[in-house]
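*Asks:* I have a structure I would like to understand better, so I am pasting it below and will then ask my questions one at a time.
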Amino acid sequence: MSHSLNIDKLDLQIISEMSTDAGISYAELGKKLFVSGGTIHVRIKKLHEMGVIKGTRLQVNLRAIGYDVLAFIGIYLEKSSLYENVAKQLLKIPQIVRLNYTTGSYSMFAEIICRDSAELRKILQDDLQHIKGIERTETIISLEESFSRPVNVSEIQ
């Protein structure tokens with residue numbers, strides 16, 4: 001894949017470094033990779049244009065600002081052909097931060113972040129259960145996230 005997109009070793013190093021610290025300056029990253037800050041700027045612009053880099057995100061400790069419940073919701077659809085419509089409806093629920101169309105037991109798998117269990121209950125009862133096409137849901141509450149890490153792209157060939 002990287003060959004068809006014309007991605008070289010430097011591009012992979014940039015992606016790897018910025019996956020760990022997206023706030024690093026181009027000059028600092030250039031020093032670390034032994035190239036100029038201008039080269040880093042040009043490469044990052046190219047990676048954005050190619051759709052390899054889709055943006056940068058601030059990583060927030062959500063519990064520190066009052067979001068105590070992280071849960072996963074397995075969603076069973078009445079028919080798989082309803083996926084797109086259901087996904088559009090789920091997009092309207094801001095607490096759902098990630099949604100995947102899946103194989104296996106569930107048709108869809110959603111990650112949801114709420115302030116507390118009362119907010120989660122409201123979304124499950126008032127929002128999800130009224131979406132046409134959802135047959136039923138199964139909720140899994142995360143007690144602790146052991147780790148979250150970026151993919152080591154330097155090892156992808």
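Letters for chains follow the order of the structure tokens (A, B, ...), residue numbers begin at 1 for each chain, and ligand numbers begin at 1 in the order shown.
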Hey, what's within 12 Å of A:Leu91 if we count only C-alpha atoms and toss same-chain stuff fewer than 4 positions away? As an mmCIF file with N, CA and C atoms, in the first residue's frame, please?
*Replies:*
```cif
data_model
loop_
_atom_site.group_PDB
_atom_site.id
_atom_site.type_symbol
_atom_site.label_atom_id
_atom_site.label_comp_id
_atom_site.auth_asym_id
_atom_site.auth_seq_id
_atom_site.Cartn_x
_atom_site.Cartn_y
_atom_site.Cartn_z
ATOM 1 N N GLU A 84 -26.744 2.097 6.840
ATOM 2 C CA GLU A 84 -26.476 3.509 6.540
ATOM 3 C C GLU A 84 -27.461 4.434 7.233
ATOM 4 N N ASN A 85 -28.743 4.090 7.220
ATOM 5 C CA ASN A 85 -29.743 4.932 7.866
ATOM 6 C C ASN A 85 -29.534 4.971 9.383
ATOM 7 N N VAL A 86 -29.266 3.821 9.964
ATOM 8 C CA VAL A 86 -29.038 3.772 11.412
ATOM 9 C C VAL A 86 -27.777 4.562 11.774
ATOM 10 N N ALA A 87 -26.719 4.421 10.972
ATOM 11 C CA ALA A 87 -25.479 5.161 11.228
ATOM 12 C C ALA A 87 -25.730 6.667 11.202
ATOM 13 N N GLN A 95 -22.627 11.784 22.222
ATOM 14 C CA GLN A 95 -21.865 10.949 23.159
ATOM 15 C C GLN A 95 -21.258 9.723 22.484
ATOM 16 N N ILE A 96 -21.767 9.355 21.313
ATOM 17 C CA ILE A 96 -21.173 8.247 20.553
ATOM 18 C C ILE A 96 -19.974 8.814 19.805
ATOM 19 N N VAL A 97 -18.789 8.348 20.187
ATOM 20 C CA VAL A 97 -17.553 8.907 19.630
ATOM 21 C C VAL A 97 -16.935 8.047 18.536
ATOM 22 N N ARG A 98 -17.371 6.795 18.430
ATOM 23 C CA ARG A 98 -16.832 5.901 17.397
ATOM 24 C C ARG A 98 -17.900 4.886 17.048
ATOM 25 N N LEU A 99 -18.006 4.576 15.761
ATOM 26 C CA LEU A 99 -18.981 3.595 15.298
ATOM 27 C C LEU A 99 -18.346 2.758 14.204
ATOM 28 N N ASN A 100 -18.498 1.445 14.319
ATOM 29 C CA ASN A 100 -17.955 0.527 13.323
ATOM 30 C C ASN A 100 -19.044 -0.424 12.850
ATOM 31 N N ALA A 110 -20.442 0.454 18.827
ATOM 32 C CA ALA A 110 -20.269 1.872 19.113
ATOM 33 C C ALA A 110 -19.516 2.075 20.418
ATOM 34 N N GLU A 111 -18.733 3.130 20.454
ATOM 35 C CA GLU A 111 -18.081 3.550 21.695
ATOM 36 C C GLU A 111 -18.784 4.826 22.129
ATOM 37 N N ILE A 112 -19.137 4.878 23.401
ATOM 38 C CA ILE A 112 -19.904 6.006 23.920
ATOM 39 C C ILE A 112 -19.256 6.505 25.206
ATOM 40 N N ASP A 127 -32.903 7.397 23.295
ATOM 41 C CA ASP A 127 -32.358 7.657 21.957
ATOM 42 C C ASP A 127 -32.238 6.381 21.112
ATOM 43 N N LEU A 128 -31.447 5.437 21.578
ATOM 44 C CA LEU A 128 -31.172 4.247 20.766
ATOM 45 C C LEU A 128 -32.409 3.406 20.491
ATOM 46 N N ILE A 131 -34.622 4.348 17.428
ATOM 47 C CA ILE A 131 -34.087 4.401 16.065
ATOM 48 C C ILE A 131 -34.617 3.206 15.285
#
```
*Asks:* Can you pull out every residue within 9 Å of A:Lys79, counting only C-alpha atoms, but drop anything in the same chain fewer than 5 positions away, and send it as a ChimeraX atom specification?
*Replies:* /A:107,133-135
*Asks:* Step one, run DSSP on the backbone; step two, keep only residues of chain A assigned to strand (DSSP E or B); then write them as a PyMOL selection string.
*Replies:* chain A and resi 69-77+96-101+108-114+134-142
*Asks:* Find the spatial neighbours of A:Ile53, counting only C-alpha atoms, within a cut-off of 12 Å - ignore same-chain residues fewer than 6 positions away - and output them as a PyMOL selection string.
*Replies:* chain A and resi 7+11-12+14-16+18-19+22+43-47
*Asks:* Restricted to C-alpha atoms, what would the selected residues look like written as a PDB file, in the first residue's frame?
*Replies:*
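Saved as again36.pdb:
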```pdb
ATOM      1  CA  ILE A   7       5.259   6.922   0.970  1.00  0.00           C
ATOM      2  CA  ASP A  11       7.121   9.793   5.730  1.00  0.00           C
ATOM      3  CA  LEU A  12       6.721   6.745   7.982  1.00  0.00           C
ATOM      4  CA  ILE A  14       7.119  11.504  10.536  1.00  0.00           C
ATOM      5  CA  ILE A  15       3.851   9.613  11.008  1.00  0.00           C
ATOM      6  CA  SER A  16       5.366   7.529  13.796  1.00  0.00           C
ATOM      7  CA  MET A  18       3.611  12.614  15.298  1.00  0.00           C
ATOM      8  CA  SER A  19       1.416   9.690  16.362  1.00  0.00           C
ATOM      9  CA  ALA A  22       1.207  15.569  17.436  1.00  0.00           C
ATOM     10  CA  ARG A  43       5.935  16.154   3.787  1.00  0.00           C
ATOM     11  CA  ILE A  44       3.072  16.695   6.242  1.00  0.00           C
ATOM     12  CA  LYS A  45       1.211  18.801   3.680  1.00  0.00           C
ATOM     13  CA  LYS A  46       1.676  15.988   1.111  1.00  0.00           C
ATOM     14  CA  LEU A  47       0.440  13.370   3.604  1.00  0.00           C
TER      15      LEU A  47
END
```
*Asks:* Let me make sure I understand: among A:Ile73, A:Val151, A:Ala64, A:Ile40, which one has the smallest atom-to-atom distance to A:Thr139 if we use only C-alpha atoms?
*Replies:*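 Once distances to A:Thr139 are computed over only C-alpha atoms, the minimum belongs to A:Ile73.
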*Asks:* So that I can check the surroundings of A:Tyr26, please list as a PyMOL selection string every protein, DNA and RNA residue that reaches within 8 Å of it, counting only C-alpha atoms and ignoring chain neighbours fewer than 4 positions away.
*Replies:* chain A and resi 30+37-38+40-41
*Asks:* Residues of the last selection are to be written out with all heavy atoms, as a JSON list (two decimals), in the first residue's frame.
*Replies:*
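Saved file again.json follows:
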```
[["chain", "number", "residue", "atom", "x", "y", "z"],
["A", 30, "GLY", "N", 12.16, 18.00, 12.69],
["A", 30, "GLY", "CA", 13.22, 17.99, 11.69],
["A", 30, "GLY", "C", 14.57, 17.67, 12.31],
["A", 30, "GLY", "O", 15.34, 16.86, 11.76],
["A", 37, "GLY", "N", 13.05, 21.77, 9.02],
["A", 37, "GLY", "CA", 11.64, 21.96, 9.37],
["A", 37, "GLY", "C", 10.78, 22.17, 8.14],
["A", 37, "GLY", "O", 9.63, 21.75, 8.09],
["A", 38, "GLY", "N", 11.37, 22.81, 7.11],
["A", 38, "GLY", "CA", 10.65, 23.00, 5.85],
["A", 38, "GLY", "C", 10.33, 21.69, 5.16],
["A", 38, "GLY", "O", 9.24, 21.52, 4.59],
["A", 40, "ILE", "N", 9.87, 18.85, 6.71],
["A", 40, "ILE", "CA", 8.78, 18.27, 7.50],
["A", 40, "ILE", "C", 7.45, 18.89, 7.09],
["A", 40, "ILE", "O", 6.46, 18.19, 6.86],
["A", 40, "ILE", "CB", 9.02, 18.46, 9.01],
["A", 40, "ILE", "CG1", 10.30, 17.76, 9.45],
["A", 40, "ILE", "CG2", 7.82, 18.01, 9.83],
["A", 40, "ILE", "CD1", 10.30, 16.26, 9.34],
["A", 41, "HIS", "N", 7.43, 20.21, 6.95],
["A", 41, "HIS", "CA", 6.20, 20.92, 6.56],
["A", 41, "HIS", "C", 5.68, 20.41, 5.20],
["A", 41, "HIS", "O", 4.49, 20.11, 5.06],
["A", 41, "HIS", "CB", 6.47, 22.42, 6.50],
["A", 41, "HIS", "CG", 5.31, 23.22, 6.01],
["A", 41, "HIS", "ND1", 4.22, 23.50, 6.80],
["A", 41, "HIS", "CD2", 5.05, 23.76, 4.80],
["A", 41, "HIS", "CE1", 3.34, 24.20, 6.10],
["A", 41, "HIS", "NE2", 3.82, 24.37, 4.88]]
```
*Asks:* Pick out the closest residue to A:Tyr106 from this set: A:Gln129, A:Tyr76, A:Tyr83, A:Ile93. Count only C-alpha atoms.
*Replies:*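 The shortest atom-to-atom distance to A:Tyr106 comes from A:Tyr76.
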*Asks:* May I ask for the distance between atom CA of A:Arg57 and atom CA of A:Thr20, given in Å to one decimal place?
*Replies:*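 Atom CA of A:Arg57 sits 11.2 Å away from atom CA of A:Thr20.
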*Asks:* Taking only C-alpha atoms into account, name the residue in A:Pro94, A:Gln13, A:Leu29, A:Glu145 that is nearest to A:Glu119.
*Replies:*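 Result for the nearest residue to A:Glu119: A:Pro94.
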